[in-house]
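The structure file entry36.tsv is reproduced below (TSV, C-alpha atoms).
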```tsv
chain	number	residue	atom	x	y	z
S	1	MET	CA	5.12	-25.51	-7.87
S	2	THR	CA	6.15	-21.86	-7.64
S	3	ASN	CA	3.89	-19.45	-5.77
S	4	ALA	CA	5.74	-16.15	-5.49
S	5	TYR	CA	4.08	-13.08	-4.00
S	6	PHE	CA	5.14	-9.44	-4.31
S	7	ILE	CA	3.93	-6.61	-2.08
S	8	SER	CA	4.95	-3.04	-1.28
S	9	ASP	CA	3.88	0.19	0.40
S	10	ALA	CA	1.85	-1.09	3.32
S	11	HIS	CA	3.27	1.78	5.42
S	12	LEU	CA	2.45	-0.02	8.65
S	13	SER	CA	2.71	2.27	11.65
S	14	CYS	CA	5.09	1.44	14.49
S	15	ASN	CA	2.72	3.11	16.96
S	16	PRO	CA	1.40	0.27	19.19
S	17	ALA	CA	-1.97	2.05	19.33
S	18	ASN	CA	-2.46	1.25	15.63
S	19	ARG	CA	-1.92	-2.51	15.93
S	20	ASN	CA	-5.59	-3.28	15.33
S	21	ASP	CA	-6.36	-0.84	12.50
S	22	GLU	CA	-7.66	-2.05	9.13
S	23	ARG	CA	-4.30	-2.21	7.39
S	24	HIS	CA	-2.67	-4.28	10.11
S	25	LYS	CA	-5.60	-6.69	10.08
S	26	LYS	CA	-5.52	-7.02	6.29
S	27	ILE	CA	-1.78	-7.63	6.24
S	28	ALA	CA	-2.15	-10.27	8.95
S	29	SER	CA	-4.92	-11.97	6.96
S	30	PHE	CA	-2.89	-11.78	3.74
S	31	LEU	CA	0.22	-13.29	5.29
S	32	ASP	CA	-1.83	-16.01	6.96
S	33	LYS	CA	-3.59	-16.86	3.70
S	34	ILE	CA	-0.52	-17.05	1.46
S	35	ASN	CA	1.41	-18.98	4.10
S	36	GLU	CA	-0.58	-22.03	3.03
S	37	SER	CA	1.01	-22.14	-0.42
S	38	ALA	CA	3.73	-19.49	-0.81
S	39	THR	CA	7.19	-20.50	-1.94
S	40	HIS	CA	8.55	-16.93	-2.13
S	41	LEU	CA	7.66	-13.52	-0.68
S	42	TYR	CA	9.21	-10.31	-1.98
S	43	ILE	CA	8.63	-7.08	-0.04
S	44	VAL	CA	9.43	-4.21	-2.41
S	45	GLY	CA	9.91	-1.38	0.06
S	46	ASP	CA	7.92	0.80	2.47
S	47	PHE	CA	6.29	-2.19	4.13
S	48	PHE	CA	6.72	-0.19	7.32
S	49	ASP	CA	6.05	3.54	7.49
S	50	PHE	CA	9.21	3.81	9.55
S	51	TRP	CA	11.96	1.33	10.32
S	52	PHE	CA	15.20	2.04	12.12
S	53	GLU	CA	17.43	-0.33	14.06
S	54	TYR	CA	19.44	0.69	17.04
S	55	LYS	CA	22.06	-1.77	18.27
S	56	TYR	CA	19.69	-3.36	20.79
S	57	THR	CA	16.33	-1.83	19.83
S	58	ILE	CA	13.75	-2.16	17.06
S	59	PRO	CA	10.24	-0.60	16.82
S	60	LYS	CA	8.13	-2.80	19.11
S	61	GLY	CA	4.87	-1.75	17.42
S	62	HIS	CA	5.70	-4.10	14.54
S	63	PHE	CA	5.90	-7.21	16.73
S	64	ASP	CA	2.73	-8.93	15.44
S	65	THR	CA	3.72	-8.47	11.80
S	66	LEU	CA	7.29	-9.57	12.39
S	67	TYR	CA	6.02	-12.69	14.16
S	68	ALA	CA	3.79	-13.55	11.18
S	69	ILE	CA	6.75	-13.13	8.83
S	70	LYS	CA	8.91	-15.25	11.12
S	71	LYS	CA	6.38	-18.09	10.93
S	72	MET	CA	6.55	-18.00	7.15
S	73	SER	CA	10.33	-18.17	7.10
S	74	GLU	CA	10.26	-21.09	9.55
S	75	GLN	CA	8.00	-22.97	7.14
S	76	GLY	CA	10.53	-22.58	4.36
S	77	VAL	CA	9.21	-19.58	2.44
S	78	GLU	CA	12.10	-17.81	0.70
S	79	MET	CA	11.84	-14.13	1.61
S	80	HIS	CA	13.47	-10.93	0.39
S	81	TYR	CA	13.07	-7.35	1.61
S	82	LEU	CA	14.03	-4.33	-0.53
S	83	ALA	CA	14.58	-1.00	1.17
S	84	GLY	CA	12.13	1.77	0.37
S	85	ASN	CA	12.28	5.47	1.15
S	86	HIS	CA	10.63	4.94	4.55
S	87	ASP	CA	12.37	1.75	5.69
S	88	PHE	CA	15.85	2.16	4.20
S	89	ALA	CA	17.67	1.79	7.54
S	90	LEU	CA	17.61	-2.00	7.41
S	91	GLY	CA	20.22	-3.40	9.75
S	92	SER	CA	21.01	-7.01	10.54
S	93	PHE	CA	17.73	-7.90	12.28
S	94	PHE	CA	15.90	-9.32	9.27
S	95	ASP	CA	18.83	-11.48	8.17
S	96	GLU	CA	19.80	-12.72	11.62
S	97	TYR	CA	16.42	-13.22	13.28
S	98	LEU	CA	13.88	-13.66	10.48
S	99	ASP	CA	16.01	-15.30	7.77
S	100	ILE	CA	15.02	-12.59	5.27
S	101	LYS	CA	17.59	-11.35	2.77
S	102	THR	CA	17.69	-7.54	2.58
S	103	TRP	CA	18.64	-5.36	-0.37
S	104	GLN	CA	19.39	-1.65	-0.19
S	105	GLU	CA	18.82	-0.93	-3.86
S	106	GLU	CA	17.64	-3.07	-6.77
S	107	PHE	CA	17.33	-6.85	-6.67
S	108	THR	CA	17.51	-9.07	-9.73
S	109	PHE	CA	17.00	-12.79	-9.98
S	110	GLU	CA	15.77	-15.60	-12.21
S	111	LEU	CA	12.81	-17.80	-11.35
S	112	ASP	CA	11.40	-20.55	-13.56
S	113	GLY	CA	13.25	-19.22	-16.56
S	114	LYS	CA	12.03	-15.62	-16.15
S	115	LYS	CA	14.31	-12.70	-15.30
S	116	PHE	CA	12.96	-10.34	-12.64
S	117	TYR	CA	14.00	-6.79	-11.81
S	118	LEU	CA	12.72	-5.36	-8.51
S	119	PHE	CA	13.23	-1.81	-7.26
S	120	HIS	CA	11.19	0.33	-4.88
S	121	GLY	CA	11.01	3.13	-7.44
S	122	ASP	CA	12.00	6.22	-5.46
S	123	GLY	CA	14.30	8.41	-7.51
S	124	VAL	CA	13.05	7.18	-10.89
S	125	VAL	CA	11.36	10.50	-11.76
S	126	ARG	CA	13.91	12.40	-13.81
S	127	ASN	CA	13.26	15.93	-12.61
S	128	ASP	CA	13.13	15.05	-8.90
S	129	THR	CA	16.63	16.37	-8.19
S	130	ALA	CA	15.79	17.59	-4.69
S	131	TYR	CA	14.63	14.14	-3.61
S	132	ARG	CA	17.75	12.46	-5.01
S	133	MET	CA	19.90	14.76	-2.90
S	134	LEU	CA	17.77	14.04	0.19
S	135	ARG	CA	18.01	10.31	-0.54
S	136	ARG	CA	21.81	10.46	-0.46
S	137	ILE	CA	21.77	12.38	2.81
S	138	LEU	CA	19.35	10.03	4.58
S	139	ARG	CA	21.12	6.88	3.42
S	140	ASN	CA	24.58	8.13	4.29
S	141	PRO	CA	26.08	5.68	6.84
S	142	PHE	CA	27.55	8.52	8.93
S	143	ASN	CA	24.17	10.28	9.20
S	144	GLN	CA	22.50	7.04	10.24
S	145	LYS	CA	25.19	6.50	12.86
S	146	PHE	CA	24.59	10.03	14.13
S	147	PHE	CA	20.85	9.36	14.44
S	148	ARG	CA	21.62	6.32	16.63
S	149	TRP	CA	23.12	8.67	19.20
S	150	ILE	CA	19.61	10.01	19.80
S	151	HIS	CA	17.74	8.02	22.46
S	152	PRO	CA	15.02	5.78	20.87
S	153	ASP	CA	12.31	7.39	23.02
S	154	VAL	CA	13.10	10.66	21.24
S	155	GLY	CA	14.42	9.45	17.90
S	156	MET	CA	11.55	7.15	16.97
S	157	PRO	CA	8.68	9.62	17.59
S	158	LEU	CA	10.67	12.25	15.69
S	159	ALA	CA	11.21	9.87	12.79
S	160	ARG	CA	7.51	8.90	12.77
S	161	LEU	CA	6.59	12.57	12.45
S	162	VAL	CA	8.99	13.12	9.57
S	163	SER	CA	7.90	9.88	7.92
S	164	GLY	CA	4.24	10.90	8.01
S	165	THR	CA	5.05	14.28	6.47
S	166	SER	CA	7.13	12.56	3.78
S	167	ARG	CA	4.31	10.15	2.93
S	168	LYS	CA	1.82	12.98	2.50
S	169	TYR	CA	4.27	14.81	0.23
S	170	THR	CA	4.91	11.67	-1.82
S	171	ASN	CA	1.18	11.02	-2.22
S	172	GLN	CA	0.63	14.58	-3.42
S	173	MET	CA	3.49	14.40	-5.92
S	174	ASN	CA	2.36	11.01	-7.20
S	175	GLU	CA	-1.07	12.45	-7.93
S	176	GLU	CA	0.51	15.24	-9.97
S	177	ARG	CA	2.87	13.05	-12.00
S	178	ASP	CA	2.07	10.54	-14.72
S	179	GLU	CA	3.60	7.12	-15.26
S	180	LYS	CA	5.85	8.11	-18.17
S	181	ASP	CA	9.20	7.99	-16.36
S	182	TYR	CA	8.38	4.68	-14.71
S	183	ILE	CA	7.26	3.04	-17.95
S	184	GLU	CA	10.35	4.29	-19.78
S	185	PHE	CA	12.50	2.97	-16.93
S	186	ALA	CA	10.80	-0.43	-17.24
S	187	GLU	CA	11.18	-0.44	-21.03
S	188	GLN	CA	14.92	0.08	-20.62
S	189	LYS	CA	15.07	-2.93	-18.30
S	190	PHE	CA	13.23	-5.00	-20.92
S	191	LYS	CA	15.97	-4.05	-23.41
S	192	GLU	CA	18.53	-5.28	-20.86
S	193	GLY	CA	16.90	-8.69	-20.93
S	194	TYR	CA	14.48	-8.64	-18.02
S	195	ASN	CA	11.07	-10.22	-18.52
S	196	TYR	CA	9.34	-8.73	-15.49
S	197	VAL	CA	9.88	-5.37	-13.79
S	198	MET	CA	8.16	-4.54	-10.52
S	199	MET	CA	8.24	-1.34	-8.47
S	200	GLY	CA	6.22	0.38	-5.79
S	201	HIS	CA	6.43	3.92	-4.40
S	202	ARG	CA	3.75	5.32	-6.72
S	203	HIS	CA	0.84	3.83	-4.71
S	204	ASN	CA	-0.85	3.46	-8.08
S	205	PRO	CA	-1.44	-0.14	-9.24
S	206	LEU	CA	-0.53	-0.52	-12.89
S	207	VAL	CA	0.13	-3.26	-15.43
S	208	HIS	CA	2.07	-2.32	-18.57
S	209	ASN	CA	2.63	-5.01	-21.22
S	210	ASN	CA	5.25	-5.04	-23.96
S	211	ASP	CA	4.75	-8.31	-25.84
S	212	GLU	CA	5.49	-10.93	-23.18
S	213	ASN	CA	7.34	-8.48	-20.94
S	214	ILE	CA	5.40	-7.00	-18.03
S	215	TYR	CA	5.92	-3.97	-15.79
S	216	ILE	CA	3.80	-3.88	-12.63
S	217	ASN	CA	3.49	-1.14	-10.09
S	218	LEU	CA	2.39	-2.93	-6.94
S	219	GLY	CA	0.09	-0.18	-5.68
S	220	ASP	CA	-0.30	0.08	-1.92
S	221	TRP	CA	-1.99	-1.30	1.18
S	222	ILE	CA	-3.38	2.05	2.28
S	223	ASN	CA	-6.31	2.15	-0.13
S	224	LYS	CA	-5.72	-0.38	-2.93
S	225	PHE	CA	-4.60	-3.62	-1.16
S	226	THR	CA	-2.93	-4.97	-4.30
S	227	TYR	CA	-0.15	-7.49	-4.80
S	228	ALA	CA	1.44	-9.49	-7.62
S	229	HIS	CA	1.50	-13.26	-7.96
S	230	PHE	CA	3.75	-15.45	-10.11
S	231	ASP	CA	2.80	-19.11	-10.45
S	232	GLY	CA	5.79	-20.16	-12.50
S	233	SER	CA	4.14	-19.31	-15.82
S	234	HIS	CA	2.06	-16.16	-15.40
S	235	LEU	CA	2.54	-12.88	-13.54
S	236	THR	CA	-0.65	-11.11	-12.47
S	237	LEU	CA	-1.67	-8.13	-10.35
S	238	GLN	CA	-4.43	-8.97	-7.89
S	239	THR	CA	-6.49	-7.30	-5.18
S	240	PHE	CA	-6.69	-8.93	-1.77
S	241	GLU	CA	-10.19	-9.75	-0.61
S	242	ASP	CA	-10.24	-10.47	3.11
```
Target encoding structure tokens, full file:
Amino acid sequence: MTNAYFISDAHLSCNPANRNDERHKKIASFLDKINESATHLYIVGDFFDFWFEYKYTIPKGHFDTLYAIKKMSEQGVEMHYLAGNHDFALGSFFDEYLDIKTWQEEFTFELDGKKFYLFHGDGVVRNDTAYRMLRRILRNPFNQKFFRWIHPDVGMPLARLVSGTSRKYTNQMNEERDEKDYIEFAEQKFKEGYNYVMMGHRHNPLVHNNDENIYINLGDWINKFTYAHFDGSHLTLQTFED
């Protein structure tokens, strides 16, 4: 029996001092709970507020969460991680050590006869030209290589500061924008043959139905604590109750 779970925008801090805050505890409880029955887990971007891999270094503040994910993969849960606008610098760690497939852009697949389209959602807004330019700069392989020349003790705190500023800006812009561009984007994917479209980034949980086709915005784990569940027949948006 299929039990697929979809989650995004937890924005977990890599600061070790925040390991026991509410969000970390809720994520730990969520992963522990679904581990009993999950067959698939899809992380649709910005699970971490900042992620960057040096050749021999990763953010140690995420150890507890990474260990919980590792336990799930060891028990046979199929796992996929899509890059968001805060955790786009996914290197080889997830594939090599956690057995999680990573995707830099969109990810499409078929499960139990349904066609899924997953994308974090950053860059969907049509008039957000400035962000699209910034996105290209940040994801440029040369620029990421340049950042690796900065010592982690300097680079990671700097990136955390920038990431926090970016999140506040994104939250403000999301409050000012409606869902029109995202719904139109999803409708186009329905025309291309996809049954289910799921995105994050907006931090605004939403279910949009078009006949049997469904677009879901996964919300966030800052205030909403929402996720999607597919049982092989039905796709639903749910709120986690610890």
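Each of S:His62, S:His201, S:Lys33, S:Lys180 was checked against Leu82 in chain S using all atoms listed in the file; the smallest atom-to-atom distance is that of S:His201.
Each of S:Ser92, S:Asn213, S:Thr226, S:Asn35 was checked against Ile7 in chain S using all atoms listed in the file; the smallest atom-to-atom distance is that of S:Thr226.
Taking CA of Thr65 in chain S and CA of Ile27 in chain S as the two end points, the separation is 7.9 Å.
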List as an NGL selection string the protein and nucleic acid residues near Glu74 in chain S, meaning an atom at most 9 Å away when all atoms listed in the file are counted, but skip any in the same chain fewer than 4 places from it. :S and (69-70 or 98-99)
Deliver the residues from the most recent selection as a file, using C-alpha atoms, as a CSV table (one decimal), in the coordinates of the input.
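Result file follows (again.csv):
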```csv
chain,number,residue,atom,x,y,z
S,69,ILE,CA,6.8,-13.1,8.8
S,70,LYS,CA,8.9,-15.2,11.1
S,98,LEU,CA,13.9,-13.7,10.5
S,99,ASP,CA,16.0,-15.3,7.8
```
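Our summary of the geometry notes that CA of Asn195 in chain S is positioned 12.8 Å from CA of Gly232 in chain S.
CA of Met199 in chain S to CA of Lys26 in chain S spans 21.0 Å [interatomic distance, one decimal].
Remark: for Gly123 in chain S, the closest of the candidate residues S:Gly200, S:Leu111, S:Glu192, S:Asp49 is S:Gly200 (distances computed over all atoms listed in the file).
With distances restricted to all atoms listed in the file, S:Tyr5 is the closest residue to Thr39 in chain S from S:Tyr54, S:Tyr5, S:Tyr67, S:Phe93.
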- request: Name the residues, using the chain letters and numbers of the file, that sit within 6 Å of (13.6, -7.4, -10.2) when counting all atoms listed in the file, and give them as an MDAnalysis selection string.
  value: chainID S and resid 107:108 116:118 197
Nearest to His203 in chain S, restricted to all atoms listed in the file and choosing among S:Ser8, S:Thr236, S:Gln104, S:Gln188, comes out as S:Ser8
What's around Asp242 in chain S at 12 Å? Count only C-alpha atoms, leave out sequence neighbours fewer than 5 positions away in its own chain, and write the answer as a PyMOL selection string.
chain S and resi 22-23+25-34+225-226
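Candidate residues S:Asp220, S:Glu53, S:Asp181, S:Glu212 were compared for distance to Ser233 in chain S, and the nearest is S:Glu212, using only C-alpha atoms.
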Excluding Asp46 in chain S and its own-chain neighbours fewer than 2 positions away, which residues fall within 9 Å of it when counting only C-alpha atoms? Please give them as an NGL selection string.
:S and (8-12 or 43-44 or 48-51 or 82-88 or 120 or 200-201)
Take every atom of range 51-67 of chain S listed in the file, fit an axis-aligned box around them, add 8 Å per side, and give the centre and edge lengths in Å to one decimal as lines of an AutoDock Vina configuration file.
```
center_x = 12.4
center_y = -5.3
center_z = 15.6
size_x = 35.3
size_y = 30.7
size_z = 26.5
```
